[in-house]
$ cat model39.tsv   # TSV, C-alpha atoms and all ligand atoms
chain	number	residue	atom	x	y	z
A	1	MET	CA	116.06	58.80	12.20
A	2	SER	CA	115.51	60.94	15.27
A	3	ARG	CA	115.76	64.72	14.94
A	4	GLN	CA	116.22	65.05	18.64
A	5	THR	CA	118.00	68.18	19.91
A	6	TYR	CA	120.02	68.02	23.13
A	7	ARG	CA	120.65	71.23	25.08
A	8	ILE	CA	124.20	71.22	26.39
A	9	ALA	CA	125.74	73.78	28.73
A	10	VAL	CA	129.43	74.31	27.99
A	11	ILE	CA	131.75	75.48	30.76
A	12	ALA	CA	135.17	75.45	29.08
A	13	GLY	CA	136.61	77.05	32.22
A	14	ASP	CA	140.30	77.79	32.63
A	15	GLY	CA	143.69	77.06	31.10
A	16	ILE	CA	143.64	74.18	28.61
A	17	GLY	CA	139.88	73.84	29.17
A	18	GLN	CA	139.64	76.73	26.68
A	19	GLU	CA	141.64	74.68	24.16
A	20	VAL	CA	140.31	71.13	24.48
A	21	ILE	CA	136.61	71.94	24.88
A	22	PRO	CA	136.24	73.89	21.60
A	23	ALA	CA	137.94	70.92	19.91
A	24	GLY	CA	135.44	68.59	21.58
A	25	VAL	CA	132.42	70.74	20.69
A	26	ASP	CA	133.41	70.75	17.03
A	27	ILE	CA	133.79	66.96	16.93
A	28	LEU	CA	130.54	66.36	18.82
A	29	ARG	CA	128.67	68.69	16.48
A	30	ARG	CA	129.91	66.79	13.43
A	31	ALA	CA	129.25	63.41	15.01
A	32	ALA	CA	125.71	64.49	15.92
A	33	GLY	CA	125.05	65.66	12.35
A	34	GLN	CA	126.16	62.29	11.03
A	35	GLY	CA	124.05	60.52	13.65
A	36	GLY	CA	120.89	62.42	12.73
A	37	PHE	CA	120.48	64.49	15.89
A	38	ARG	CA	121.53	67.95	17.07
A	39	CYS	CA	123.53	69.27	19.99
A	40	ASP	CA	122.63	72.83	20.87
A	41	PHE	CA	125.65	74.16	22.83
A	42	THR	CA	125.37	77.19	25.15
A	43	ASP	CA	128.65	78.69	26.37
A	44	LEU	CA	128.73	79.79	30.00
A	45	PRO	CA	131.69	82.07	30.76
A	46	TRP	CA	132.21	80.80	34.31
A	47	GLY	CA	135.56	80.12	35.92
A	48	CYS	CA	138.54	82.00	37.31
A	49	GLU	CA	138.53	84.89	34.85
A	50	PHE	CA	134.85	85.45	35.64
A	51	TYR	CA	135.77	85.37	39.34
A	52	LEU	CA	138.47	88.00	38.94
A	53	LYS	CA	135.93	90.29	37.21
A	54	THR	CA	132.85	89.63	39.36
A	55	GLY	CA	133.98	88.10	42.65
A	56	ARG	CA	131.98	84.95	41.89
A	57	MET	CA	132.90	81.75	40.09
A	58	MET	CA	129.41	81.53	38.53
A	59	ASP	CA	126.30	83.70	38.22
A	60	ALA	CA	124.14	83.61	41.33
A	61	ASP	CA	121.29	81.79	39.54
A	62	TRP	CA	123.60	79.00	38.30
A	63	LEU	CA	121.61	76.13	39.77
A	64	GLU	CA	118.34	77.17	38.21
A	65	ARG	CA	120.00	77.88	34.86
A	66	LEU	CA	121.84	74.58	34.67
A	67	GLN	CA	118.66	72.65	35.46
A	68	ALA	CA	117.34	73.66	32.02
A	69	PHE	CA	120.03	71.66	30.19
A	70	ASP	CA	120.20	67.98	29.26
A	71	ALA	CA	123.92	67.76	30.12
A	72	ILE	CA	126.97	69.86	30.99
A	73	TYR	CA	130.30	69.69	29.15
A	74	LEU	CA	133.12	71.03	31.30
A	75	GLY	CA	136.82	71.64	30.60
A	76	ALA	CA	138.84	72.42	33.70
A	77	ILE	CA	138.68	74.85	36.57
A	78	GLY	CA	141.67	76.47	38.29
A	79	ALA	CA	144.10	79.28	37.49
A	80	PRO	CA	147.23	80.59	39.16
A	81	GLY	CA	145.60	83.92	40.17
A	82	VAL	CA	142.78	82.31	42.21
A	83	SER	CA	143.11	80.02	45.22
A	84	ASP	CA	142.41	76.44	44.11
A	85	SER	CA	140.22	75.87	47.16
A	86	ILE	CA	137.99	78.74	46.00
A	87	SER	CA	137.73	77.60	42.39
A	88	ALA	CA	137.00	74.01	43.36
A	89	ARG	CA	134.67	74.82	46.26
A	90	GLU	CA	132.69	77.50	44.42
A	91	LEU	CA	132.28	75.83	41.05
A	92	LEU	CA	133.30	72.23	40.49
A	93	LEU	CA	132.22	70.66	43.77
A	94	PRO	CA	128.90	72.54	44.13
A	95	LEU	CA	127.95	71.37	40.64
A	96	ARG	CA	128.73	67.74	41.43
A	97	GLN	CA	127.01	67.88	44.81
A	98	ARG	CA	123.98	70.11	44.18
A	99	LEU	CA	123.17	68.43	40.87
A	100	ARG	CA	123.27	65.11	42.75
A	101	GLN	CA	125.90	63.63	40.46
A	102	PHE	CA	126.79	61.05	43.03
A	103	VAL	CA	128.73	58.78	40.66
A	104	ASN	CA	132.00	59.81	39.06
A	105	LEU	CA	132.64	57.28	36.32
A	106	ARG	CA	136.26	57.15	35.13
A	107	PRO	CA	137.34	54.62	32.49
A	108	MET	CA	141.08	53.92	32.41
A	109	ARG	CA	142.04	52.14	29.21
A	110	LEU	CA	145.31	51.82	27.33
A	111	MET	CA	144.34	52.48	23.72
A	112	PRO	CA	146.22	50.53	21.03
A	113	GLY	CA	149.00	52.72	19.64
A	114	ILE	CA	149.83	54.40	22.96
A	115	ASP	CA	152.94	53.41	24.89
A	116	SER	CA	152.23	52.96	28.58
A	117	PRO	CA	154.95	54.17	30.94
A	118	LEU	CA	154.65	50.62	32.32
A	119	GLY	CA	157.01	48.78	30.00
A	120	GLY	CA	155.61	45.94	27.92
A	121	ARG	CA	151.94	46.56	28.69
A	122	THR	CA	149.40	46.46	25.88
A	123	ALA	CA	145.73	47.34	25.57
A	124	ALA	CA	144.82	43.88	26.85
A	125	ASP	CA	146.47	44.64	30.21
A	126	ILE	CA	144.89	47.97	31.13
A	127	ASP	CA	141.11	48.17	30.96
A	128	MET	CA	139.64	49.40	34.23
A	129	ILE	CA	136.83	51.67	35.30
A	130	CYS	CA	136.69	53.55	38.56
A	131	VAL	CA	133.29	54.18	40.11
A	132	ARG	CA	134.18	57.07	42.39
A	133	GLU	CA	131.81	58.27	45.11
A	134	ASN	CA	131.18	61.90	44.17
A	135	SER	CA	128.92	63.43	46.80
A	136	GLU	CA	130.31	62.91	50.29
A	137	GLY	CA	133.29	61.27	52.01
A	138	GLU	CA	136.40	63.38	52.33
A	139	TYR	CA	134.87	66.08	50.07
A	140	CYS	CA	131.77	66.82	52.19
A	141	GLY	CA	133.19	70.23	53.08
A	142	ILE	CA	132.52	70.11	56.83
A	143	GLY	CA	135.16	71.59	59.11
A	144	GLY	CA	136.85	74.82	59.99
A	145	ARG	CA	139.89	76.64	61.23
A	146	ALA	CA	140.54	78.44	64.47
A	147	HIS	CA	143.21	80.54	66.16
A	148	MET	CA	144.39	81.69	62.76
A	149	GLY	CA	147.90	82.99	62.62
A	150	THR	CA	148.79	81.91	66.18
A	151	PRO	CA	150.94	78.97	67.29
A	152	ASP	CA	147.69	77.28	68.38
A	153	GLU	CA	146.24	77.42	64.89
A	154	LEU	CA	144.23	74.34	63.93
A	155	ALA	CA	142.25	72.98	61.04
A	156	GLU	CA	139.59	70.30	61.02
A	157	GLN	CA	138.29	68.55	57.90
A	158	THR	CA	135.60	65.98	58.55
A	159	SER	CA	134.82	62.97	56.33
A	160	ILE	CA	131.21	61.87	56.18
A	161	PHE	CA	130.25	58.37	55.06
A	162	THR	CA	126.57	57.46	55.06
A	163	ARG	CA	125.00	54.04	54.64
A	164	ARG	CA	122.86	55.49	51.84
A	165	GLY	CA	125.87	57.05	50.09
A	166	ILE	CA	127.97	53.89	50.28
A	167	GLU	CA	125.13	51.62	49.29
A	168	ARG	CA	124.23	53.53	46.15
A	169	ILE	CA	127.83	53.78	44.89
A	170	ALA	CA	128.49	50.11	45.63
A	171	ARG	CA	125.32	49.07	43.83
A	172	TYR	CA	126.25	51.19	40.83
A	173	GLY	CA	129.69	49.55	40.75
A	174	PHE	CA	128.33	46.01	40.98
A	175	GLU	CA	125.78	46.75	38.23
A	176	ILE	CA	128.61	47.84	35.93
A	177	ALA	CA	130.80	44.87	36.89
A	178	ARG	CA	127.94	42.56	35.94
A	179	THR	CA	127.94	43.96	32.38
A	180	ARG	CA	131.70	43.57	31.81
A	181	PRO	CA	133.29	40.38	30.47
A	182	ARG	CA	135.46	39.70	33.52
A	183	LYS	CA	132.79	40.62	36.12
A	184	LEU	CA	135.43	41.64	38.68
A	185	LEU	CA	135.08	44.30	41.33
A	186	ALA	CA	137.68	45.73	43.70
A	187	SER	CA	136.66	47.90	46.64
A	188	ALA	CA	139.34	50.38	47.71
A	189	THR	CA	139.35	50.73	51.48
A	190	LYS	CA	141.46	51.79	54.44
A	191	SER	CA	139.49	50.13	57.20
A	192	ASN	CA	142.67	49.14	59.02
A	193	ALA	CA	143.43	52.76	59.96
A	194	LEU	CA	139.98	54.37	59.59
A	195	GLN	CA	138.01	52.23	61.99
A	196	HIS	CA	134.70	54.10	61.77
A	197	SER	CA	134.13	55.40	58.25
A	198	LEU	CA	135.84	52.74	56.17
A	199	VAL	CA	134.67	49.86	58.35
A	200	LEU	CA	131.13	51.03	57.56
A	201	TRP	CA	132.18	51.17	53.89
A	202	ASP	CA	133.38	47.54	54.02
A	203	GLU	CA	130.23	46.34	55.81
A	204	VAL	CA	127.86	47.99	53.35
A	205	VAL	CA	129.86	46.81	50.30
A	206	GLU	CA	129.71	43.27	51.66
A	207	GLU	CA	125.93	43.51	52.09
A	208	VAL	CA	125.44	44.84	48.56
A	209	ALA	CA	127.75	42.14	47.15
A	210	ARG	CA	125.27	39.46	48.29
A	211	ASP	CA	122.88	40.67	45.58
A	212	TYR	CA	125.55	40.06	42.92
A	213	PRO	CA	126.70	36.45	43.22
A	214	ASP	CA	127.80	36.57	39.57
A	215	VAL	CA	130.43	39.24	40.35
A	216	THR	CA	133.78	38.23	41.86
A	217	TRP	CA	134.85	40.88	44.30
A	218	ARG	CA	137.35	41.60	47.03
A	219	LYS	CA	138.60	44.54	49.00
A	220	TYR	CA	142.09	45.97	48.73
A	221	TYR	CA	143.66	48.57	50.96
A	222	VAL	CA	144.02	51.71	48.92
A	223	ASP	CA	147.81	51.81	49.25
A	224	ALA	CA	148.05	48.24	47.98
A	225	ILE	CA	145.64	48.79	45.09
A	226	ALA	CA	147.64	51.86	44.04
A	227	ALA	CA	150.70	49.61	43.76
A	228	ARG	CA	148.69	46.86	42.07
A	229	MET	CA	147.51	49.28	39.36
A	230	VAL	CA	151.19	49.66	38.46
A	231	THR	CA	152.42	46.08	38.96
A	232	HIS	CA	149.38	43.97	37.99
A	233	PRO	CA	146.88	46.22	36.17
A	234	GLN	CA	145.55	43.21	34.25
A	235	THR	CA	144.00	41.88	37.49
A	236	LEU	CA	141.76	44.92	37.92
A	237	ASP	CA	138.41	45.64	36.25
A	238	VAL	CA	135.83	47.74	38.17
A	239	ILE	CA	137.16	49.70	41.17
A	240	ILE	CA	134.79	51.34	43.65
A	241	ALA	CA	136.36	54.04	45.79
A	242	SER	CA	135.59	56.94	48.07
A	243	ASN	CA	135.78	60.48	46.75
A	244	LEU	CA	139.43	61.14	47.64
A	245	PHE	CA	140.71	57.62	46.98
A	246	GLY	CA	139.00	57.64	43.57
A	247	ASP	CA	140.55	60.99	42.75
A	248	ILE	CA	144.06	59.72	43.40
A	249	LEU	CA	143.65	56.28	41.84
A	250	THR	CA	142.29	57.73	38.60
A	251	ASP	CA	145.29	59.99	38.04
A	252	ILE	CA	147.39	56.82	38.33
A	253	GLY	CA	145.02	55.06	35.95
A	254	SER	CA	145.19	57.87	33.43
A	255	ALA	CA	148.98	58.08	33.67
A	256	ILE	CA	149.47	54.35	33.07
A	257	SER	CA	147.08	54.65	30.11
A	258	GLY	CA	149.67	56.93	28.54
A	259	SER	CA	148.98	60.42	29.83
A	260	LEU	CA	146.73	62.57	31.96
A	261	GLY	CA	145.57	63.87	28.60
A	262	VAL	CA	143.54	60.74	27.80
A	263	GLY	CA	141.35	59.96	30.85
A	264	PRO	CA	137.66	60.99	30.57
A	265	SER	CA	135.00	61.17	33.26
A	266	GLY	CA	131.28	61.45	33.74
A	267	ASN	CA	129.71	62.96	36.85
A	268	ILE	CA	126.46	61.05	36.72
A	269	ASN	CA	123.12	61.75	38.33
A	270	PRO	CA	121.68	58.25	37.90
A	271	ASP	CA	118.18	59.37	38.95
A	272	ARG	CA	118.22	61.96	36.13
A	273	THR	CA	116.73	64.60	38.43
A	274	ALA	CA	119.35	67.09	37.16
A	275	PRO	CA	121.85	67.18	34.29
A	276	SER	CA	124.97	65.03	34.45
A	277	MET	CA	128.35	66.60	33.70
A	278	PHE	CA	131.19	65.30	31.52
A	279	GLU	CA	134.80	66.42	31.75
A	280	PRO	CA	138.35	65.21	31.27
A	281	ILE	CA	139.87	64.06	34.57
A	282	HIS	CA	142.84	66.37	34.13
A	283	GLY	CA	142.98	69.98	35.30
A	284	SER	CA	143.72	73.30	33.65
A	285	ALA	CA	147.45	72.47	33.20
A	286	PRO	CA	148.86	75.98	33.69
A	287	ASP	CA	152.30	74.69	32.64
A	288	ILE	CA	151.17	74.15	29.03
A	289	ALA	CA	148.09	76.41	28.82
A	290	GLY	CA	148.09	78.83	25.88
A	291	LYS	CA	150.61	76.79	23.88
A	292	GLY	CA	148.02	74.93	21.83
A	293	ILE	CA	149.56	71.53	22.59
A	294	ALA	CA	147.14	70.03	25.13
A	295	ASN	CA	145.91	66.55	24.26
A	296	PRO	CA	142.20	66.80	23.37
A	297	VAL	CA	141.54	63.04	23.68
A	298	ALA	CA	140.27	63.11	27.28
A	299	ALA	CA	137.83	65.93	26.49
A	300	VAL	CA	136.58	64.30	23.28
A	301	TRP	CA	136.18	60.94	24.99
A	302	ALA	CA	134.27	62.65	27.83
A	303	GLY	CA	132.03	64.10	25.11
A	304	ALA	CA	131.41	60.59	23.82
A	305	MET	CA	130.40	59.50	27.33
A	306	MET	CA	127.95	62.42	27.31
A	307	LEU	CA	126.38	61.24	24.04
A	308	GLU	CA	126.02	57.76	25.46
A	309	HIS	CA	124.34	59.13	28.58
A	310	LEU	CA	121.99	61.20	26.40
A	311	GLY	CA	120.87	58.04	24.62
A	312	GLU	CA	123.04	58.09	21.48
A	313	PRO	CA	125.28	55.04	22.03
A	314	ALA	CA	125.98	54.41	18.33
A	315	THR	CA	127.33	57.92	17.79
A	316	ALA	CA	129.25	57.75	21.08
A	317	ALA	CA	130.91	54.54	19.89
A	318	ARG	CA	131.80	56.18	16.57
A	319	VAL	CA	133.60	59.01	18.40
A	320	VAL	CA	135.56	56.58	20.59
A	321	SER	CA	136.48	54.48	17.58
A	322	ALA	CA	137.70	57.60	15.72
A	323	ILE	CA	139.97	58.38	18.69
A	324	GLY	CA	141.16	54.75	18.67
A	325	ARG	CA	141.96	54.83	14.95
A	326	VAL	CA	143.98	58.04	15.18
A	327	LEU	CA	145.99	56.65	18.09
A	328	ALA	CA	146.50	53.27	16.42
A	329	GLU	CA	147.76	54.90	13.22
A	330	GLY	CA	150.18	56.82	15.41
A	331	SER	CA	151.18	59.61	13.03
A	332	VAL	CA	149.30	62.38	14.86
A	333	LYS	CA	150.16	62.60	18.56
A	334	THR	CA	150.43	65.51	20.98
A	335	PRO	CA	153.71	65.95	22.93
A	336	ASP	CA	152.40	64.18	26.06
A	337	LEU	CA	152.17	61.01	23.92
A	338	GLY	CA	155.59	61.52	22.41
A	339	GLY	CA	154.53	63.33	19.23
A	340	GLU	CA	154.59	66.87	17.94
A	341	ALA	CA	150.99	67.51	16.95
A	342	THR	CA	149.01	70.47	18.21
A	343	THR	CA	145.59	70.25	19.88
A	344	LYS	CA	143.99	71.38	16.63
A	345	GLU	CA	145.87	68.86	14.49
A	346	MET	CA	144.91	66.01	16.78
A	347	ALA	CA	141.27	67.15	16.85
A	348	ALA	CA	141.22	67.47	13.04
A	349	ALA	CA	142.56	63.93	12.72
A	350	ILE	CA	139.80	62.61	15.01
A	351	ALA	CA	137.17	64.56	13.06
A	352	ALA	CA	138.50	63.13	9.78
A	353	HIS	CA	138.14	59.58	11.14
A	354	LEU	CA	134.49	60.02	12.12
A	355	GLU	CA	133.04	59.16	8.72
B	401	LIG	P1	146.68	69.03	35.86
B	401	LIG	O1	145.90	67.83	35.51
B	401	LIG	O2	146.15	70.32	35.35
B	401	LIG	O3	148.18	68.86	35.29
B	401	LIG	C1	149.07	67.84	35.73
B	401	LIG	C2	150.12	67.56	34.64
B	401	LIG	O4	149.48	66.88	33.54
B	401	LIG	C3	150.72	68.83	34.04
B	401	LIG	O5	152.08	68.65	33.77
B	401	LIG	C4	149.94	69.02	32.75
B	401	LIG	O6	150.64	69.71	31.74
B	401	LIG	C5	149.65	67.59	32.34
B	401	LIG	N1	148.38	67.51	31.56
B	401	LIG	C6	147.13	67.60	32.08
B	401	LIG	N2	146.22	67.54	31.09
B	401	LIG	C7	146.90	67.44	29.94
B	401	LIG	C8	146.51	67.34	28.56
B	401	LIG	N3	145.21	67.34	28.18
B	401	LIG	N4	147.47	67.24	27.62
B	401	LIG	C9	148.76	67.21	27.98
B	401	LIG	N5	149.21	67.30	29.26
B	401	LIG	C10	148.27	67.41	30.23
B	401	LIG	O7	146.83	69.05	37.43
B	401	LIG	P2	147.47	70.18	38.41
B	401	LIG	O8	148.65	70.80	37.76
B	401	LIG	O9	147.59	69.51	39.69
B	401	LIG	O10	146.32	71.26	38.57
B	401	LIG	C11	146.27	72.46	37.80
B	401	LIG	C12	144.98	73.20	38.13
B	401	LIG	O11	143.85	72.46	37.68
B	401	LIG	C13	144.75	73.45	39.60
B	401	LIG	O12	144.13	74.73	39.71
B	401	LIG	C14	143.78	72.36	40.02
B	401	LIG	O13	143.02	72.71	41.16
B	401	LIG	C15	142.95	72.28	38.78
B	401	LIG	N6	142.28	70.98	38.54
B	401	LIG	C16	141.00	71.05	38.05
B	401	LIG	C17	140.35	69.88	37.70
B	401	LIG	C18	138.95	69.96	37.16
B	401	LIG	O14	138.52	71.02	36.75
B	401	LIG	N7	138.23	68.89	37.11
B	401	LIG	C19	141.01	68.66	37.81
B	401	LIG	C20	142.30	68.63	38.32
B	401	LIG	C21	142.94	69.80	38.68
B	402	LIG	C1	139.29	66.01	39.65
B	402	LIG	C2	139.98	67.15	40.36
B	402	LIG	C3	139.09	67.73	41.45
B	402	LIG	C4	138.78	66.60	42.44
B	402	LIG	C5	139.68	68.94	42.18
B	402	LIG	C6	140.00	70.07	41.21
B	402	LIG	C7	138.82	69.44	43.28
B	402	LIG	O1	141.22	66.74	40.86
B	402	LIG	O2	138.25	66.24	39.04
B	402	LIG	O3	139.83	64.90	39.66
B	402	LIG	O4	139.55	66.35	43.36
B	402	LIG	O5	137.74	65.96	42.27
B	403	MN	MN	141.79	64.70	40.26
$ encode --input "model39.tsv" --output "structure tokens"
Amino acid sequence: MSRQTYRIAVIAGDGIGQEVIPAGVDILRRAAGQGGFRCDFTDLPWGCEFYLKTGRMMDADWLERLQAFDAIYLGAIGAPGVSDSISARELLLPLRQRLRQFVNLRPMRLMPGIDSPLGGRTAADIDMICVRENSEGEYCGIGGRAHMGTPDELAEQTSIFTRRGIERIARYGFEIARTRPRKLLASATKSNALQHSLVLWDEVVEEVARDYPDVTWRKYYVDAIAARMVTHPQTLDVIIASNLFGDILTDIGSAISGSLGVGPSGNINPDRTAPSMFEPIHGSAPDIAGKGIANPVAAVWAGAMMLEHLGEPATAARVVSAIGRVLAEGSVKTPDLGGEATTKEMAAAIAAHLE
């Protein structure tokens, strides 16, 4: 048995991040103990409260400090007292971009025991994974504003799509599709309206596809694939998408899987030149923060993705199966899933199913 120790930076962040991440840390610690390895968690107090005290979302040496960890476990960032463009642009997006986490991997699966808002759908119908481009596109941050406060005021927000950026995300998506039973890939595009950026996207995806004759693929316009996720989710498997398209499609995917409280994500640096970061896809949920009723499943599942990335697939699978068993039994559910359990009760039930 390995006695490996993984160093994990924990940024619980804001709102329900402070509720679901402690639940996740506890479960991961137990699972690691049972799996014969250790997770050494270091809490970093960064986020909106830190900003209100210091004027910064993170300490100035954040990049250097995070480099020392094997992975990052993040809750959610964003609070009513701080502009969301500041919290995202000074914490979340710099981490994804500067740590070269160019893949955002987002499984969307209806677990047995959960009722989808799509009537009559079962676990066999909803099993997709979005491979979201996470470094460029609509989120590159280039642009500006001028003539502020005058009738001539304007804003420009540029999208950047590079051959290199498209090629590496497409390749990652096809590699995953190849390992899945159905070997299907859908590319979300909008090359009808966006004749420069998304036409390049389509051309590069088509070139990459030639290396994967075993994968059946086609492109869908993003508006049509959004509808298809609702009307025919069983026809979708791997979805590759730009940064913004992937953001929107994965909230749909999480919602049809039962709740925003279940969808996990991994911000992956496939070259392993810096730590990857794992987080639920949901945000800080100010509407329920502090009530102790947030669903911890997305955060715990994201933790399992982290263990898998660290090289502990057996323990990762045990965590996911514990989640699955609690949901299938159905007696412990948070309000978003139609139950009355608290975050702590749901986490305790998952912990109890680990053994
Ligand atoms: P949100 O995901 O926080 O909430 C949307 C809805 O889903 C709310 O009704 C919320 O109560 C519900 N919900 C979300 N997670 C839940 C959970 N675990 N259990 C039960 N219900 C849950 O999105 P929003 O309201 O658009 O954004 C709130 C804040 O979070 C904003 O500041 C936004 O910028 C930020 N945000 C951060 C991240 C991130 O850190 N990765 C992601 C999305 C949004
Ligand atoms: C997500 C979030 C972020 C995104 C926001 C908070 C910038 O919605 O992680 O999905 O758009 O990537
Ligand atoms: Mn989002």
$ closest_atom_pairs --input "model39.tsv" --of "chain A" --to "ligand LIG 402 (chain B)" --cutoff "7 Å" --atoms "all atoms listed in the file" --output "Markdown table"
| residue | atom | partner | partner_atom | distance |
| --- | --- | --- | --- | --- |
| A:Ile77 | CA | B:LIG402 | C6 | 6.8 |
| A:Ala88 | CA | B:LIG402 | C7 | 4.9 |
| A:Leu92 | CA | B:LIG402 | C7 | 6.8 |
| A:Leu93 | CA | B:LIG402 | C7 | 6.7 |
| A:Leu244 | CA | B:LIG402 | O4 | 6.7 |
| A:Asp247 | CA | B:LIG402 | O3 | 5.0 |
| A:Ile281 | CA | B:LIG402 | O3 | 5.2 |
| A:His282 | CA | B:LIG402 | O3 | 6.5 |
| A:Gly283 | CA | B:LIG402 | C2 | 6.5 |
$ residues_near_point --input "model39.tsv" --point "(123.4, 71.0, 24.8)" --cutoff "9 Å" --atoms "all atoms listed in the file" --output "list in words"
Thr5, Tyr6, Arg7, Ile8, Ala9, Val10, Arg38, Cys39, Asp40, Phe41, Thr42, Phe69, Asp70, Ala71, Ile72 and Tyr73 of chain A
$ residues_near_point --input "model39.tsv" --point "(147.2, 72.2, 34.0)" --cutoff "12 Å" --atoms "all atoms listed in the file" --output "tab-separated table (two decimals) with C-alpha atoms, in the coordinates of the input"
chain	number	residue	atom	x	y	z
A	13	GLY	CA	136.61	77.05	32.22
A	14	ASP	CA	140.30	77.79	32.63
A	15	GLY	CA	143.69	77.06	31.10
A	16	ILE	CA	143.64	74.18	28.61
A	17	GLY	CA	139.88	73.84	29.17
A	18	GLN	CA	139.64	76.73	26.68
A	19	GLU	CA	141.64	74.68	24.16
A	20	VAL	CA	140.31	71.13	24.48
A	75	GLY	CA	136.82	71.64	30.60
A	76	ALA	CA	138.84	72.42	33.70
A	77	ILE	CA	138.68	74.85	36.57
A	78	GLY	CA	141.67	76.47	38.29
A	79	ALA	CA	144.10	79.28	37.49
A	80	PRO	CA	147.23	80.59	39.16
A	84	ASP	CA	142.41	76.44	44.11
A	260	LEU	CA	146.73	62.57	31.96
A	261	GLY	CA	145.57	63.87	28.60
A	280	PRO	CA	138.35	65.21	31.27
A	281	ILE	CA	139.87	64.06	34.57
A	282	HIS	CA	142.84	66.37	34.13
A	283	GLY	CA	142.98	69.98	35.30
A	284	SER	CA	143.72	73.30	33.65
A	285	ALA	CA	147.45	72.47	33.20
A	286	PRO	CA	148.86	75.98	33.69
A	287	ASP	CA	152.30	74.69	32.64
A	288	ILE	CA	151.17	74.15	29.03
A	289	ALA	CA	148.09	76.41	28.82
A	290	GLY	CA	148.09	78.83	25.88
A	291	LYS	CA	150.61	76.79	23.88
A	293	ILE	CA	149.56	71.53	22.59
A	294	ALA	CA	147.14	70.03	25.13
A	295	ASN	CA	145.91	66.55	24.26
$ atom_distance --input "model39.tsv" --atom1 "CA of Val230 in chain A" --atom2 "CA of Arg168 in chain A"
28.3 Å
$ closest_residue --input "model39.tsv" --among "A:Gly246, A:Gly292, A:Gly324, A:Pro313" --to "ligand MN 403 (chain B)" --atoms "only C-alpha atoms and all ligand atoms"
A:Gly246
$ closest_residue --input "model39.tsv" --among "A:Asp214, A:Gly311, A:Glu133, A:Leu249" --to "Thr179 in chain A" --atoms "all atoms listed in the file"
A:Asp214
$ residues_around --input "model39.tsv" --residues "Ala351 in chain A" --least-positions-apart "2" --cutoff "9 Å" --atoms "only C-alpha atoms" --output "PDB file with C-alpha atoms, in the frame of the given file"
ATOM      1  CA  ASP A  26     133.410  70.750  17.030  1.00  0.00           C
ATOM      2  CA  ILE A  27     133.790  66.960  16.930  1.00  0.00           C
ATOM      3  CA  LEU A  28     130.540  66.360  18.820  1.00  0.00           C
ATOM      4  CA  ARG A  30     129.910  66.790  13.430  1.00  0.00           C
ATOM      5  CA  ALA A  31     129.250  63.410  15.010  1.00  0.00           C
ATOM      6  CA  VAL A 319     133.600  59.010  18.400  1.00  0.00           C
ATOM      7  CA  ALA A 322     137.700  57.600  15.720  1.00  0.00           C
ATOM      8  CA  ILE A 323     139.970  58.380  18.690  1.00  0.00           C
ATOM      9  CA  MET A 346     144.910  66.010  16.780  1.00  0.00           C
ATOM     10  CA  ALA A 347     141.270  67.150  16.850  1.00  0.00           C
ATOM     11  CA  ALA A 348     141.220  67.470  13.040  1.00  0.00           C
ATOM     12  CA  ALA A 349     142.560  63.930  12.720  1.00  0.00           C
ATOM     13  CA  HIS A 353     138.140  59.580  11.140  1.00  0.00           C
ATOM     14  CA  LEU A 354     134.490  60.020  12.120  1.00  0.00           C
ATOM     15  CA  GLU A 355     133.040  59.160   8.720  1.00  0.00           C
TER      16      GLU A 355
END
$ atom_distance --input "model39.tsv" --atom1 "CA of Leu307 in chain A" --atom2 "CA of Arg29 in chain A"
10.9 Å
$ residues_around --input "model39.tsv" --residues "Ala23 in chain A" --least-positions-apart "5" --cutoff "8 Å" --atoms "only C-alpha atoms" --output "VMD selection string"
chain A and resid 296 300 343 to 344 347
$ atom_distance --input "model39.tsv" --atom1 "CA of Lys190 in chain A" --atom2 "CA of Tyr221 in chain A"
5.2 Å
$ closest_residue --input "model39.tsv" --among "A:Gly24, A:Gly253, A:Gly339, A:Gly149" --to "Pro117 in chain A" --atoms "only C-alpha atoms"
A:Gly253
$ closest_residue --input "model39.tsv" --among "A:Arg163, A:Lys219, A:Arg56, A:Arg96" --to "ligand LIG 401 (chain B)" --atoms "all atoms listed in the file"
A:Arg96
$ closest_residue --input "model39.tsv" --among "A:Met58, A:Val297, A:Ala146, A:Met108" --to "ligand LIG 401 (chain B)" --atoms "all atoms listed in the file"
A:Val297
$ closest_residue --input "model39.tsv" --among "A:Gln234, A:Gln97, A:Ser265, A:Asn192" --to "ligand LIG 401 (chain B)" --atoms "all atoms listed in the file"
A:Ser265
$ residues_around --input "model39.tsv" --residues "Ile129 in chain A" --least-positions-apart "4" --cutoff "8 Å" --atoms "all atoms listed in the file" --output "PyMOL selection string"
chain A and resi 105-108+237-239
$ residues_around --input "model39.tsv" --residues "Glu207 in chain A" --least-positions-apart "3" --cutoff "10 Å" --atoms "only C-alpha atoms" --output "VMD selection string"
chain A and resid 167 170 to 171 202 to 204 210 to 212
